[in-house]
file target14.cif (mmCIF, C-alpha atoms)
data_coords
#
loop_
_atom_site.group_PDB
_atom_site.id
_atom_site.type_symbol
_atom_site.label_atom_id
_atom_site.label_comp_id
_atom_site.auth_asym_id
_atom_site.auth_seq_id
_atom_site.Cartn_x
_atom_site.Cartn_y
_atom_site.Cartn_z
ATOM 1 C CA MET T 478 -30.774 39.425 -59.455
ATOM 2 C CA ASN T 479 -33.283 41.128 -61.736
ATOM 3 C CA LYS T 480 -32.273 41.378 -65.362
ATOM 4 C CA ILE T 481 -34.239 41.860 -68.551
ATOM 5 C CA TRP T 482 -34.925 38.615 -70.387
ATOM 6 C CA VAL T 483 -32.473 38.123 -73.215
ATOM 7 C CA SER T 484 -32.192 34.947 -75.260
ATOM 8 C CA LEU T 485 -28.661 34.205 -76.298
ATOM 9 C CA VAL T 486 -29.886 32.500 -79.425
ATOM 10 C CA GLY T 487 -31.698 35.537 -80.772
ATOM 11 C CA ALA T 488 -35.236 36.742 -81.250
ATOM 12 C CA ALA T 489 -36.434 33.366 -82.494
ATOM 13 C CA ALA T 490 -35.893 31.905 -79.043
ATOM 14 C CA LEU T 491 -38.069 34.593 -77.499
ATOM 15 C CA VAL T 492 -40.906 33.453 -79.710
ATOM 16 C CA LEU T 493 -40.394 29.917 -78.412
ATOM 17 C CA ALA T 494 -40.229 31.059 -74.812
ATOM 18 C CA ALA T 495 -43.854 30.463 -73.878
ATOM 19 C CA GLY T 496 -44.241 26.706 -74.292
ATOM 20 C CA THR T 497 -43.375 23.485 -72.558
ATOM 21 C CA ALA T 498 -40.401 21.211 -72.993
ATOM 22 C CA THR T 499 -40.394 19.158 -76.176
ATOM 23 C CA ALA T 500 -38.372 16.164 -77.281
ATOM 24 C CA GLU T 501 -36.342 18.452 -79.523
ATOM 25 C CA THR T 502 -35.631 21.518 -77.416
ATOM 26 C CA PHE T 503 -34.501 22.033 -73.839
ATOM 27 C CA ARG T 504 -34.422 25.687 -72.828
ATOM 28 C CA VAL T 505 -32.357 26.425 -69.739
ATOM 29 C CA GLY T 506 -32.174 29.622 -67.697
ATOM 30 C CA MET T 507 -28.808 30.858 -66.437
ATOM 31 C CA GLU T 508 -27.820 34.102 -64.807
ATOM 32 C CA GLY T 509 -24.629 34.539 -66.793
ATOM 33 C CA ALA T 510 -23.027 36.169 -63.751
ATOM 34 C CA TYR T 511 -21.962 33.304 -61.484
ATOM 35 C CA PRO T 512 -18.486 32.200 -62.582
ATOM 36 C CA PRO T 513 -17.269 29.567 -63.100
ATOM 37 C CA PHE T 514 -20.720 27.946 -63.163
ATOM 38 C CA ASN T 515 -21.759 30.430 -65.841
ATOM 39 C CA ASN T 516 -20.595 33.857 -66.892
ATOM 40 C CA THR T 517 -21.020 36.292 -69.783
ATOM 41 C CA ASP T 518 -17.958 36.815 -71.962
ATOM 42 C CA SER T 519 -16.954 39.963 -73.858
ATOM 43 C CA THR T 520 -19.132 39.000 -76.830
ATOM 44 C CA GLY T 521 -22.268 38.622 -74.672
ATOM 45 C CA LYS T 522 -22.187 34.827 -74.823
ATOM 46 C CA ILE T 523 -22.758 32.780 -71.666
ATOM 47 C CA VAL T 524 -19.915 30.359 -71.009
ATOM 48 C CA GLY T 525 -18.889 28.135 -68.106
ATOM 49 C CA PHE T 526 -19.192 24.752 -66.454
ATOM 50 C CA GLU T 527 -22.985 24.591 -66.709
ATOM 51 C CA VAL T 528 -23.006 25.618 -70.373
ATOM 52 C CA ASP T 529 -20.603 22.813 -71.250
ATOM 53 C CA LEU T 530 -22.577 20.434 -69.045
ATOM 54 C CA VAL T 531 -25.977 21.169 -70.571
ATOM 55 C CA ASN T 532 -24.555 20.875 -74.088
ATOM 56 C CA GLU T 533 -23.250 17.397 -73.265
ATOM 57 C CA LEU T 534 -26.539 16.431 -71.608
ATOM 58 C CA CYS T 535 -28.411 17.480 -74.729
ATOM 59 C CA LYS T 536 -26.110 15.387 -76.898
ATOM 60 C CA ARG T 537 -26.820 12.363 -74.728
ATOM 61 C CA THR T 538 -30.576 12.914 -74.692
ATOM 62 C CA GLY T 539 -30.963 13.909 -78.346
ATOM 63 C CA MET T 540 -32.294 17.361 -77.471
ATOM 64 C CA THR T 541 -31.275 20.774 -78.760
ATOM 65 C CA CYS T 542 -30.217 23.220 -76.040
ATOM 66 C CA GLU T 543 -31.073 26.899 -75.820
ATOM 67 C CA VAL T 544 -29.376 28.903 -73.052
ATOM 68 C CA MET T 545 -31.375 31.906 -71.888
ATOM 69 C CA GLN T 546 -30.182 34.687 -69.608
ATOM 70 C CA GLN T 547 -32.321 35.330 -66.539
ATOM 71 C CA ASP T 548 -31.954 37.234 -63.322
ATOM 72 C CA TRP T 549 -31.472 35.109 -60.190
ATOM 73 C CA ASP T 550 -34.476 36.471 -58.292
ATOM 74 C CA GLY T 551 -36.773 35.605 -61.205
ATOM 75 C CA MET T 552 -35.414 32.105 -61.820
ATOM 76 C CA ILE T 553 -38.160 29.989 -60.255
ATOM 77 C CA PRO T 554 -41.103 32.246 -61.261
ATOM 78 C CA ALA T 555 -39.912 32.231 -64.885
ATOM 79 C CA LEU T 556 -39.617 28.431 -64.825
ATOM 80 C CA MET T 557 -43.142 28.119 -63.452
ATOM 81 C CA ASN T 558 -44.397 30.520 -66.135
ATOM 82 C CA LYS T 559 -42.810 28.261 -68.799
ATOM 83 C CA ARG T 560 -40.398 30.800 -70.187
ATOM 84 C CA TYR T 561 -37.842 28.000 -70.127
ATOM 85 C CA ASP T 562 -37.714 24.371 -69.086
ATOM 86 C CA GLY T 563 -34.885 24.144 -66.571
ATOM 87 C CA ILE T 564 -32.651 26.169 -64.276
ATOM 88 C CA MET T 565 -28.882 25.683 -64.165
ATOM 89 C CA ASP T 566 -27.330 28.372 -62.003
ATOM 90 C CA GLY T 567 -25.500 26.681 -59.158
ATOM 91 C CA MET T 568 -28.914 26.123 -57.560
ATOM 92 C CA SER T 569 -28.868 23.966 -54.431
ATOM 93 C CA ILE T 570 -31.528 21.324 -53.905
ATOM 94 C CA THR T 571 -33.294 22.419 -50.707
ATOM 95 C CA ALA T 572 -36.436 21.313 -48.914
ATOM 96 C CA GLU T 573 -37.937 24.787 -49.381
ATOM 97 C CA ARG T 574 -37.361 24.803 -53.141
ATOM 98 C CA LEU T 575 -38.678 21.255 -53.478
ATOM 99 C CA LYS T 576 -42.057 22.561 -52.328
ATOM 100 C CA GLN T 577 -42.249 24.545 -55.589
ATOM 101 C CA ILE T 578 -40.152 22.692 -58.157
ATOM 102 C CA ALA T 579 -38.426 19.378 -58.840
ATOM 103 C CA PHE T 580 -34.698 18.796 -59.355
ATOM 104 C CA SER T 581 -32.556 16.436 -61.334
ATOM 105 C CA VAL T 582 -30.066 14.288 -59.482
ATOM 106 C CA PRO T 583 -27.150 16.457 -58.266
ATOM 107 C CA TYR T 584 -24.409 17.239 -60.772
ATOM 108 C CA THR T 585 -22.082 18.845 -58.201
ATOM 109 C CA ASP T 586 -21.916 19.787 -54.526
ATOM 110 C CA THR T 587 -19.519 22.582 -53.645
ATOM 111 C CA PRO T 588 -19.128 23.917 -50.084
ATOM 112 C CA ALA T 589 -19.725 27.378 -48.692
ATOM 113 C CA TRP T 590 -16.821 29.556 -47.554
ATOM 114 C CA PHE T 591 -16.444 32.705 -45.485
ATOM 115 C CA VAL T 592 -14.048 35.151 -47.145
ATOM 116 C CA GLY T 593 -12.425 38.265 -45.729
ATOM 117 C CA ALA T 594 -9.208 40.257 -45.851
ATOM 118 C CA LYS T 595 -6.084 38.199 -45.124
ATOM 119 C CA ASP T 596 -5.152 40.486 -42.223
ATOM 120 C CA GLY T 597 -8.754 41.318 -41.242
ATOM 121 C CA LEU T 598 -11.242 40.322 -38.566
ATOM 122 C CA LEU T 599 -11.334 36.663 -39.555
ATOM 123 C CA LYS T 600 -7.593 36.012 -39.680
ATOM 124 C CA ASN T 601 -7.699 33.768 -36.574
ATOM 125 C CA ALA T 602 -11.136 32.244 -37.229
ATOM 126 C CA LYS T 603 -11.191 28.460 -37.594
ATOM 127 C CA SER T 604 -14.617 27.380 -36.363
ATOM 128 C CA LEU T 605 -18.103 28.751 -36.988
ATOM 129 C CA ALA T 606 -18.091 30.072 -33.408
ATOM 130 C CA ASP T 607 -14.870 31.955 -34.188
ATOM 131 C CA VAL T 608 -16.457 33.542 -37.255
ATOM 132 C CA LYS T 609 -19.569 34.566 -35.308
ATOM 133 C CA ALA T 610 -17.475 36.138 -32.555
ATOM 134 C CA ALA T 611 -15.287 38.023 -35.027
ATOM 135 C CA LEU T 612 -18.278 39.401 -36.921
ATOM 136 C CA LYS T 613 -20.369 40.427 -33.923
ATOM 137 C CA GLY T 614 -21.542 43.964 -34.612
ATOM 138 C CA LYS T 615 -19.926 43.862 -38.070
ATOM 139 C CA THR T 616 -21.317 43.327 -41.578
ATOM 140 C CA ILE T 617 -21.444 40.207 -43.723
ATOM 141 C CA GLY T 618 -22.541 40.154 -47.354
ATOM 142 C CA VAL T 619 -24.429 37.419 -49.233
ATOM 143 C CA GLN T 620 -26.309 37.061 -52.489
ATOM 144 C CA ARG T 621 -30.045 37.346 -51.922
ATOM 145 C CA SER T 622 -32.479 34.418 -52.273
ATOM 146 C CA THR T 623 -29.708 31.854 -51.738
ATOM 147 C CA THR T 624 -28.901 29.129 -49.242
ATOM 148 C CA HIS T 625 -26.170 31.469 -47.985
ATOM 149 C CA GLN T 626 -28.728 34.137 -47.114
ATOM 150 C CA ASN T 627 -30.853 31.547 -45.296
ATOM 151 C CA PHE T 628 -27.841 30.358 -43.323
ATOM 152 C CA VAL T 629 -26.560 33.757 -42.153
ATOM 153 C CA GLU T 630 -30.065 34.888 -41.233
ATOM 154 C CA ALA T 631 -30.449 31.784 -39.078
ATOM 155 C CA GLU T 632 -26.990 31.816 -37.519
ATOM 156 C CA PHE T 633 -25.721 35.429 -37.380
ATOM 157 C CA LYS T 634 -28.172 37.207 -35.108
ATOM 158 C CA ASP T 635 -25.588 39.758 -33.901
ATOM 159 C CA THR T 636 -24.224 40.644 -37.345
ATOM 160 C CA GLU T 637 -25.590 43.056 -39.918
ATOM 161 C CA ILE T 638 -26.462 41.224 -43.140
ATOM 162 C CA LYS T 639 -26.169 42.992 -46.483
ATOM 163 C CA LEU T 640 -27.881 41.412 -49.499
ATOM 164 C CA TYR T 641 -26.687 41.648 -53.101
ATOM 165 C CA ASP T 642 -28.290 40.917 -56.444
ATOM 166 C CA THR T 643 -25.060 39.512 -57.896
ATOM 167 C CA VAL T 644 -21.801 38.089 -56.583
ATOM 168 C CA ASP T 645 -19.911 40.763 -58.534
ATOM 169 C CA GLU T 646 -21.619 43.432 -56.415
ATOM 170 C CA LEU T 647 -20.768 41.504 -53.247
ATOM 171 C CA ASN T 648 -17.115 41.182 -54.280
ATOM 172 C CA PHE T 649 -16.923 44.876 -55.170
ATOM 173 C CA ASP T 650 -18.134 45.944 -51.733
ATOM 174 C CA LEU T 651 -15.774 43.475 -50.036
ATOM 175 C CA VAL T 652 -12.797 44.905 -51.914
ATOM 176 C CA ASN T 653 -13.864 48.452 -51.076
ATOM 177 C CA GLY T 654 -14.347 47.758 -47.362
ATOM 178 C CA ARG T 655 -18.121 48.246 -47.279
ATOM 179 C CA ILE T 656 -18.574 44.805 -45.703
ATOM 180 C CA ASP T 657 -16.290 42.891 -43.358
ATOM 181 C CA ALA T 658 -16.784 39.417 -44.842
ATOM 182 C CA GLY T 659 -18.865 37.470 -47.322
ATOM 183 C CA LEU T 660 -20.376 33.997 -47.563
ATOM 184 C CA ASN T 661 -20.616 32.312 -50.956
ATOM 185 C CA ASP T 662 -19.911 29.098 -52.828
ATOM 186 C CA SER T 663 -16.269 28.014 -52.674
ATOM 187 C CA VAL T 664 -15.947 27.608 -56.444
ATOM 188 C CA SER T 665 -17.328 31.072 -57.117
ATOM 189 C CA TRP T 666 -15.022 32.478 -54.420
ATOM 190 C CA SER T 667 -12.045 30.778 -56.075
ATOM 191 C CA SER T 668 -12.601 32.808 -59.246
ATOM 192 C CA PHE T 669 -12.525 35.988 -57.157
ATOM 193 C CA LEU T 670 -9.550 34.948 -55.005
ATOM 194 C CA ASN T 671 -7.498 34.122 -58.105
ATOM 195 C CA SER T 672 -8.200 37.538 -59.638
ATOM 196 C CA ASP T 673 -6.184 40.729 -59.113
ATOM 197 C CA ALA T 674 -9.021 42.189 -57.022
ATOM 198 C CA GLY T 675 -9.013 39.187 -54.697
ATOM 199 C CA LYS T 676 -5.292 39.037 -53.935
ATOM 200 C CA GLY T 677 -5.690 40.542 -50.468
ATOM 201 C CA PHE T 678 -8.422 38.113 -49.429
ATOM 202 C CA THR T 679 -8.743 34.474 -48.413
ATOM 203 C CA HIS T 680 -11.264 32.080 -46.881
ATOM 204 C CA PHE T 681 -11.512 31.423 -43.162
ATOM 205 C CA GLY T 682 -13.446 29.236 -40.799
ATOM 206 C CA PRO T 683 -15.290 26.026 -41.645
ATOM 207 C CA THR T 684 -16.051 24.530 -45.038
ATOM 208 C CA MET T 685 -19.787 23.805 -45.002
ATOM 209 C CA THR T 686 -22.148 21.662 -47.079
ATOM 210 C CA GLY T 687 -25.565 20.149 -46.542
ATOM 211 C CA LYS T 688 -23.856 17.456 -44.473
ATOM 212 C CA ASP T 689 -23.022 20.174 -41.942
ATOM 213 C CA ASN T 690 -26.304 22.087 -42.118
ATOM 214 C CA PRO T 691 -29.474 21.156 -44.061
ATOM 215 C CA LEU T 692 -29.933 24.793 -45.082
ATOM 216 C CA PHE T 693 -27.159 24.251 -47.642
ATOM 217 C CA GLY T 694 -29.176 21.577 -49.422
ATOM 218 C CA GLN T 695 -28.453 18.243 -51.045
ATOM 219 C CA GLY T 696 -26.109 19.300 -53.810
ATOM 220 C CA VAL T 697 -26.667 21.305 -57.009
ATOM 221 C CA GLY T 698 -29.190 20.075 -59.584
ATOM 222 C CA ILE T 699 -31.232 21.226 -62.562
ATOM 223 C CA GLY T 700 -34.422 22.947 -61.415
ATOM 224 C CA LEU T 701 -37.482 21.574 -63.234
ATOM 225 C CA ARG T 702 -41.249 21.865 -63.118
ATOM 226 C CA GLN T 703 -42.737 19.099 -61.001
ATOM 227 C CA GLU T 704 -44.985 17.910 -63.833
ATOM 228 C CA ASP T 705 -42.079 17.384 -66.259
ATOM 229 C CA LYS T 706 -41.359 13.862 -65.024
ATOM 230 C CA GLU T 707 -40.218 12.478 -68.379
ATOM 231 C CA LEU T 708 -37.738 15.325 -68.816
ATOM 232 C CA LYS T 709 -36.394 14.728 -65.298
ATOM 233 C CA ALA T 710 -35.936 11.014 -65.985
ATOM 234 C CA LYS T 711 -34.111 11.770 -69.236
ATOM 235 C CA LEU T 712 -31.754 14.286 -67.595
ATOM 236 C CA ASP T 713 -31.173 12.064 -64.546
ATOM 237 C CA LYS T 714 -30.099 9.225 -66.819
ATOM 238 C CA ALA T 715 -27.724 11.487 -68.755
ATOM 239 C CA ILE T 716 -26.155 12.953 -65.585
ATOM 240 C CA ASP T 717 -25.698 9.475 -64.117
ATOM 241 C CA SER T 718 -24.050 8.305 -67.340
ATOM 242 C CA MET T 719 -21.598 11.233 -67.159
ATOM 243 C CA LYS T 720 -20.769 10.310 -63.571
ATOM 244 C CA ALA T 721 -20.250 6.678 -64.539
ATOM 245 C CA ASP T 722 -17.916 7.332 -67.471
ATOM 246 C CA GLY T 723 -15.927 10.049 -65.672
ATOM 247 C CA SER T 724 -16.817 12.869 -68.060
ATOM 248 C CA LEU T 725 -18.655 14.868 -65.381
ATOM 249 C CA GLY T 726 -15.608 14.719 -63.115
ATOM 250 C CA LYS T 727 -13.322 15.816 -65.967
ATOM 251 C CA LEU T 728 -15.609 18.764 -66.709
ATOM 252 C CA ALA T 729 -15.564 19.780 -63.042
ATOM 253 C CA VAL T 730 -11.761 19.618 -62.937
ATOM 254 C CA GLN T 731 -11.604 21.758 -66.096
ATOM 255 C CA TRP T 732 -13.722 24.535 -64.592
ATOM 256 C CA PHE T 733 -13.299 24.133 -60.806
ATOM 257 C CA GLY T 734 -9.814 22.700 -60.540
ATOM 258 C CA TYR T 735 -11.125 19.584 -58.758
ATOM 259 C CA ASP T 736 -14.095 17.221 -58.745
ATOM 260 C CA PRO T 737 -16.431 17.980 -55.800
ATOM 261 C CA LEU T 738 -18.195 14.626 -56.235
ATOM 262 C CA ALA T 739 -15.012 12.545 -56.114
ATOM 263 C CA PRO T 740 -14.670 10.262 -53.050
ATOM 264 C CA GLY T 741 -13.028 12.114 -50.176
ATOM 265 C CA ASN T 742 -14.159 15.612 -51.260
#
call {"tool": "encode", "arguments": {"input": "target14.cif", "output": "structure tokens"}}
result
Amino acid sequence: MNKIWVSLVGAAALVLAAGTATAETFRVGMEGAYPPFNNTDSTGKIVGFEVDLVNELCKRTGMTCEVMQQDWDGMIPALMNKRYDGIMDGMSITAERLKQIAFSVPYTDTPAWFVGAKDGLLKNAKSLADVKAALKGKTIGVQRSTTHQNFVEAEFKDTEIKLYDTVDELNFDLVNGRIDAGLNDSVSWSSFLNSDAGKGFTHFGPTMTGKDNPLFGQGVGIGLRQEDKELKAKLDKAIDSMKADGSLGKLAVQWFGYDPLAPGN
């Protein structure tokens, strides 16, 4: 996902973009193309679960938030170059990423789903073995530089893997029959499946999280520079307070339809 840097708060934010986090301002990078975590509306404004979440976190920490649009592929390099102070883009906490950056405590943990046509190759697939057998010699699509890419590259040796910069591009090719199935986050898939374009599709096979395979990580957190320990502590405290008072769960239900962190999910 390579997009030109655009600050949603105007040119002034671009001037601020080359510093470190301060007590007053927390600048967060989002793709603006990963609904319902974050998406760009018709006015060019980024909206979604993570926008509402970061605004509440800033209220609780006394910071001012600036949401900045950034391409997925450039997320971690831009954080390291101090263009912004945190990443909120449905980013899973993985051992590989923890070698480069730190993370807040998780604020959600949504599973991965395989999706294909309702009457397609996966219609009888229930287990991972079923999915692998059905897709042998076929094509599966995933967003590049994600836990989903890592998983299919490790597990689907007999399947062609097609990489996409955005989930919209993946969904478009799925609808138009250019790939046989896709692997993505269940919440993002739900937005597609509930749309007109997704009516002929559904999810098949297992529901997978980091509990099933470590490649999927330890939940979704805010990506931070390792040296920003005070900022991490401040955000961790705010996230934990939202969990404790139920406001994080309510926000998840508003955007996802359920709370992934609720007991039993």
call {"tool": "axis_aligned_box", "arguments": {"input": "target14.cif", "around": "region 509-527 of chain T", "padding_each_side": "5 Å", "output": "AutoDock Vina command-line options"}}
result
--center_x -20.8 --center_y 32.3 --center_z -69.2 --size_x 17.7 --size_y 25.4 --size_z 25.3
call {"tool": "resolve_selection", "arguments": {"input": "target14.cif", "expression": "the PyMOL selection byres ((chain T and resi 656) around 10)", "output": "ChimeraX atom specification"}}
result
/T:593,615-618,637-639,647-655,657-659
call {"tool": "write_last_selection", "arguments": {"input": "target14.cif", "atoms": "C-alpha atoms", "output": "mmCIF file, in the coordinates of the input"}}
result
data_model
loop_
_atom_site.group_PDB
_atom_site.id
_atom_site.type_symbol
_atom_site.label_atom_id
_atom_site.label_comp_id
_atom_site.auth_asym_id
_atom_site.auth_seq_id
_atom_site.Cartn_x
_atom_site.Cartn_y
_atom_site.Cartn_z
ATOM 1 C CA GLY T 593 -12.425 38.265 -45.729
ATOM 2 C CA LYS T 615 -19.926 43.862 -38.070
ATOM 3 C CA THR T 616 -21.317 43.327 -41.578
ATOM 4 C CA ILE T 617 -21.444 40.207 -43.723
ATOM 5 C CA GLY T 618 -22.541 40.154 -47.354
ATOM 6 C CA GLU T 637 -25.590 43.056 -39.918
ATOM 7 C CA ILE T 638 -26.462 41.224 -43.140
ATOM 8 C CA LYS T 639 -26.169 42.992 -46.483
ATOM 9 C CA LEU T 647 -20.768 41.504 -53.247
ATOM 10 C CA ASN T 648 -17.115 41.182 -54.280
ATOM 11 C CA PHE T 649 -16.923 44.876 -55.170
ATOM 12 C CA ASP T 650 -18.134 45.944 -51.733
ATOM 13 C CA LEU T 651 -15.774 43.475 -50.036
ATOM 14 C CA VAL T 652 -12.797 44.905 -51.914
ATOM 15 C CA ASN T 653 -13.864 48.452 -51.076
ATOM 16 C CA GLY T 654 -14.347 47.758 -47.362
ATOM 17 C CA ARG T 655 -18.121 48.246 -47.279
ATOM 18 C CA ASP T 657 -16.290 42.891 -43.358
ATOM 19 C CA ALA T 658 -16.784 39.417 -44.842
ATOM 20 C CA GLY T 659 -18.865 37.470 -47.322
#
call {"tool": "residues_around", "arguments": {"input": "target14.cif", "residues": "region 579-583 of chain T", "least_positions_apart": "4", "cutoff": "6 Å", "atoms": "all atoms listed in the file", "output": "ChimeraX atom specification"}}
result
/T:575,696-703,709,713
call {"tool": "closest_residue", "arguments": {"input": "target14.cif", "among": "T:Ser667, T:Thr538, T:Ser724, T:Thr587", "to": "Lys711 (chain T)", "atoms": "only C-alpha atoms"}}
result
T:Thr538
call {"tool": "residues_around", "arguments": {"input": "target14.cif", "residues": "Lys603 (chain T)", "least_positions_apart": "3", "cutoff": "9 Å", "atoms": "all atoms listed in the file", "output": "VMD selection string"}}
result
chain T and resid 599 to 600 606 to 608 681 to 683
call {"tool": "resolve_selection", "arguments": {"input": "target14.cif", "expression": "the PyMOL selection byres ((chain T and resi 524) around 12)", "output": "MDAnalysis selection string"}}
result
chainID T and resid 485 507:523 525:532 544:546 566 732
call {"tool": "atom_distance", "arguments": {"input": "target14.cif", "atom1": "CA of Cys535 (chain T)", "atom2": "CA of Ser718 (chain T)"}}
result
12.6 Å
call {"tool": "resolve_selection", "arguments": {"input": "target14.cif", "expression": "the PyMOL selection byres ((chain T and resi 677) around 9)", "output": "JSON, numbers by chain"}}
result
{"T": [593, 594, 595, 596, 652, 670, 673, 674, 675, 676, 678, 679]}
call {"tool": "atom_distance", "arguments": {"input": "target14.cif", "atom1": "CA of Leu728 (chain T)", "atom2": "CA of Ile553 (chain T)"}}
result
26.0 Å
call {"tool": "atom_distance", "arguments": {"input": "target14.cif", "atom1": "CA of Leu640 (chain T)", "atom2": "CA of Ser622 (chain T)"}}
result
8.8 Å
call {"tool": "residues_around", "arguments": {"input": "target14.cif", "residues": "Asp662 (chain T)", "least_positions_apart": "6", "cutoff": "9 Å", "atoms": "all atoms listed in the file", "output": "list in words"}}
result
Gly567, Thr587, Pro588, Ala589, Trp590, Phe591 and His625 of chain T
call {"tool": "residues_near_point", "arguments": {"input": "target14.cif", "point": "(-30.1, 21.2, -44.9)", "cutoff": "12 Å", "atoms": "all atoms listed in the file", "output": "list in words"}}
result
Ser569, Ile570, Thr571, Ala572, Glu573, Arg574, Thr624, His625, Asn627, Phe628, Met685, Thr686, Gly687, Lys688, Asp689, Asn690, Pro691, Leu692, Phe693, Gly694, Gln695 and Gly696 of chain T
call {"tool": "closest_residue", "arguments": {"input": "target14.cif", "among": "T:Ser665, T:Thr541, T:Gln626, T:Ser672", "to": "Gly734 (chain T)", "atoms": "all atoms listed in the file"}}
result
T:Ser665
call {"tool": "decode", "arguments": {"input": "target14.cif", "residues": "region 626-639 of chain T", "atoms": "N, CA, C and O atoms", "output": "PDB file, in the first residue's frame"}}
result
ATOM      1  N   GLN T 626      -0.382 -12.714   4.531  1.00  0.00           N
ATOM      2  CA  GLN T 626       0.621 -13.097   3.540  1.00  0.00           C
ATOM      3  C   GLN T 626       1.600 -14.107   4.145  1.00  0.00           C
ATOM      4  O   GLN T 626       1.918 -15.134   3.521  1.00  0.00           O
ATOM      5  N   ASN T 627       2.067 -13.825   5.351  1.00  0.00           N
ATOM      6  CA  ASN T 627       3.021 -14.745   5.999  1.00  0.00           C
ATOM      7  C   ASN T 627       2.426 -16.136   6.155  1.00  0.00           C
ATOM      8  O   ASN T 627       3.110 -17.148   5.946  1.00  0.00           O
ATOM      9  N   PHE T 628       1.145 -16.183   6.515  1.00  0.00           N
ATOM     10  CA  PHE T 628       0.496 -17.473   6.745  1.00  0.00           C
ATOM     11  C   PHE T 628       0.347 -18.267   5.447  1.00  0.00           C
ATOM     12  O   PHE T 628       0.691 -19.454   5.404  1.00  0.00           O
ATOM     13  N   VAL T 629      -0.168 -17.642   4.390  1.00  0.00           N
ATOM     14  CA  VAL T 629      -0.388 -18.415   3.155  1.00  0.00           C
ATOM     15  C   VAL T 629       0.940 -18.829   2.521  1.00  0.00           C
ATOM     16  O   VAL T 629       1.033 -19.913   1.932  1.00  0.00           O
ATOM     17  N   GLU T 630       1.966 -17.999   2.673  1.00  0.00           N
ATOM     18  CA  GLU T 630       3.266 -18.383   2.126  1.00  0.00           C
ATOM     19  C   GLU T 630       3.850 -19.571   2.881  1.00  0.00           C
ATOM     20  O   GLU T 630       4.563 -20.391   2.290  1.00  0.00           O
ATOM     21  N   ALA T 631       3.531 -19.682   4.150  1.00  0.00           N
ATOM     22  CA  ALA T 631       4.032 -20.808   4.948  1.00  0.00           C
ATOM     23  C   ALA T 631       3.211 -22.068   4.731  1.00  0.00           C
ATOM     24  O   ALA T 631       3.751 -23.180   4.771  1.00  0.00           O
ATOM     25  N   GLU T 632       1.910 -21.921   4.498  1.00  0.00           N
ATOM     26  CA  GLU T 632       1.013 -23.066   4.511  1.00  0.00           C
ATOM     27  C   GLU T 632       0.544 -23.533   3.123  1.00  0.00           C
ATOM     28  O   GLU T 632       0.187 -24.694   2.953  1.00  0.00           O
ATOM     29  N   PHE T 633       0.517 -22.644   2.138  1.00  0.00           N
ATOM     30  CA  PHE T 633      -0.084 -22.981   0.841  1.00  0.00           C
ATOM     31  C   PHE T 633       0.998 -23.102  -0.237  1.00  0.00           C
ATOM     32  O   PHE T 633       1.139 -22.256  -1.113  1.00  0.00           O
ATOM     33  N   LYS T 634       1.747 -24.181  -0.143  1.00  0.00           N
ATOM     34  CA  LYS T 634       2.867 -24.395  -1.063  1.00  0.00           C
ATOM     35  C   LYS T 634       2.407 -24.772  -2.468  1.00  0.00           C
ATOM     36  O   LYS T 634       3.151 -24.582  -3.437  1.00  0.00           O
ATOM     37  N   ASP T 635       1.188 -25.319  -2.597  1.00  0.00           N
ATOM     38  CA  ASP T 635       0.696 -25.775  -3.896  1.00  0.00           C
ATOM     39  C   ASP T 635      -0.353 -24.832  -4.486  1.00  0.00           C
ATOM     40  O   ASP T 635      -1.101 -25.209  -5.393  1.00  0.00           O
ATOM     41  N   THR T 636      -0.395 -23.620  -3.964  1.00  0.00           N
ATOM     42  CA  THR T 636      -1.379 -22.624  -4.415  1.00  0.00           C
ATOM     43  C   THR T 636      -0.665 -21.358  -4.868  1.00  0.00           C
ATOM     44  O   THR T 636       0.296 -20.922  -4.223  1.00  0.00           O
ATOM     45  N   GLU T 637      -1.118 -20.781  -5.955  1.00  0.00           N
ATOM     46  CA  GLU T 637      -0.554 -19.507  -6.394  1.00  0.00           C
ATOM     47  C   GLU T 637      -1.060 -18.403  -5.469  1.00  0.00           C
ATOM     48  O   GLU T 637      -2.244 -18.329  -5.150  1.00  0.00           O
ATOM     49  N   ILE T 638      -0.129 -17.541  -5.036  1.00  0.00           N
ATOM     50  CA  ILE T 638      -0.483 -16.456  -4.118  1.00  0.00           C
ATOM     51  C   ILE T 638      -0.382 -15.128  -4.864  1.00  0.00           C
ATOM     52  O   ILE T 638       0.653 -14.816  -5.457  1.00  0.00           O
ATOM     53  N   LYS T 639      -1.456 -14.357  -4.828  1.00  0.00           N
ATOM     54  CA  LYS T 639      -1.467 -13.048  -5.460  1.00  0.00           C
ATOM     55  C   LYS T 639      -1.543 -11.980  -4.383  1.00  0.00           C
ATOM     56  O   LYS T 639      -2.411 -12.035  -3.504  1.00  0.00           O
TER      57      LYS T 639
END
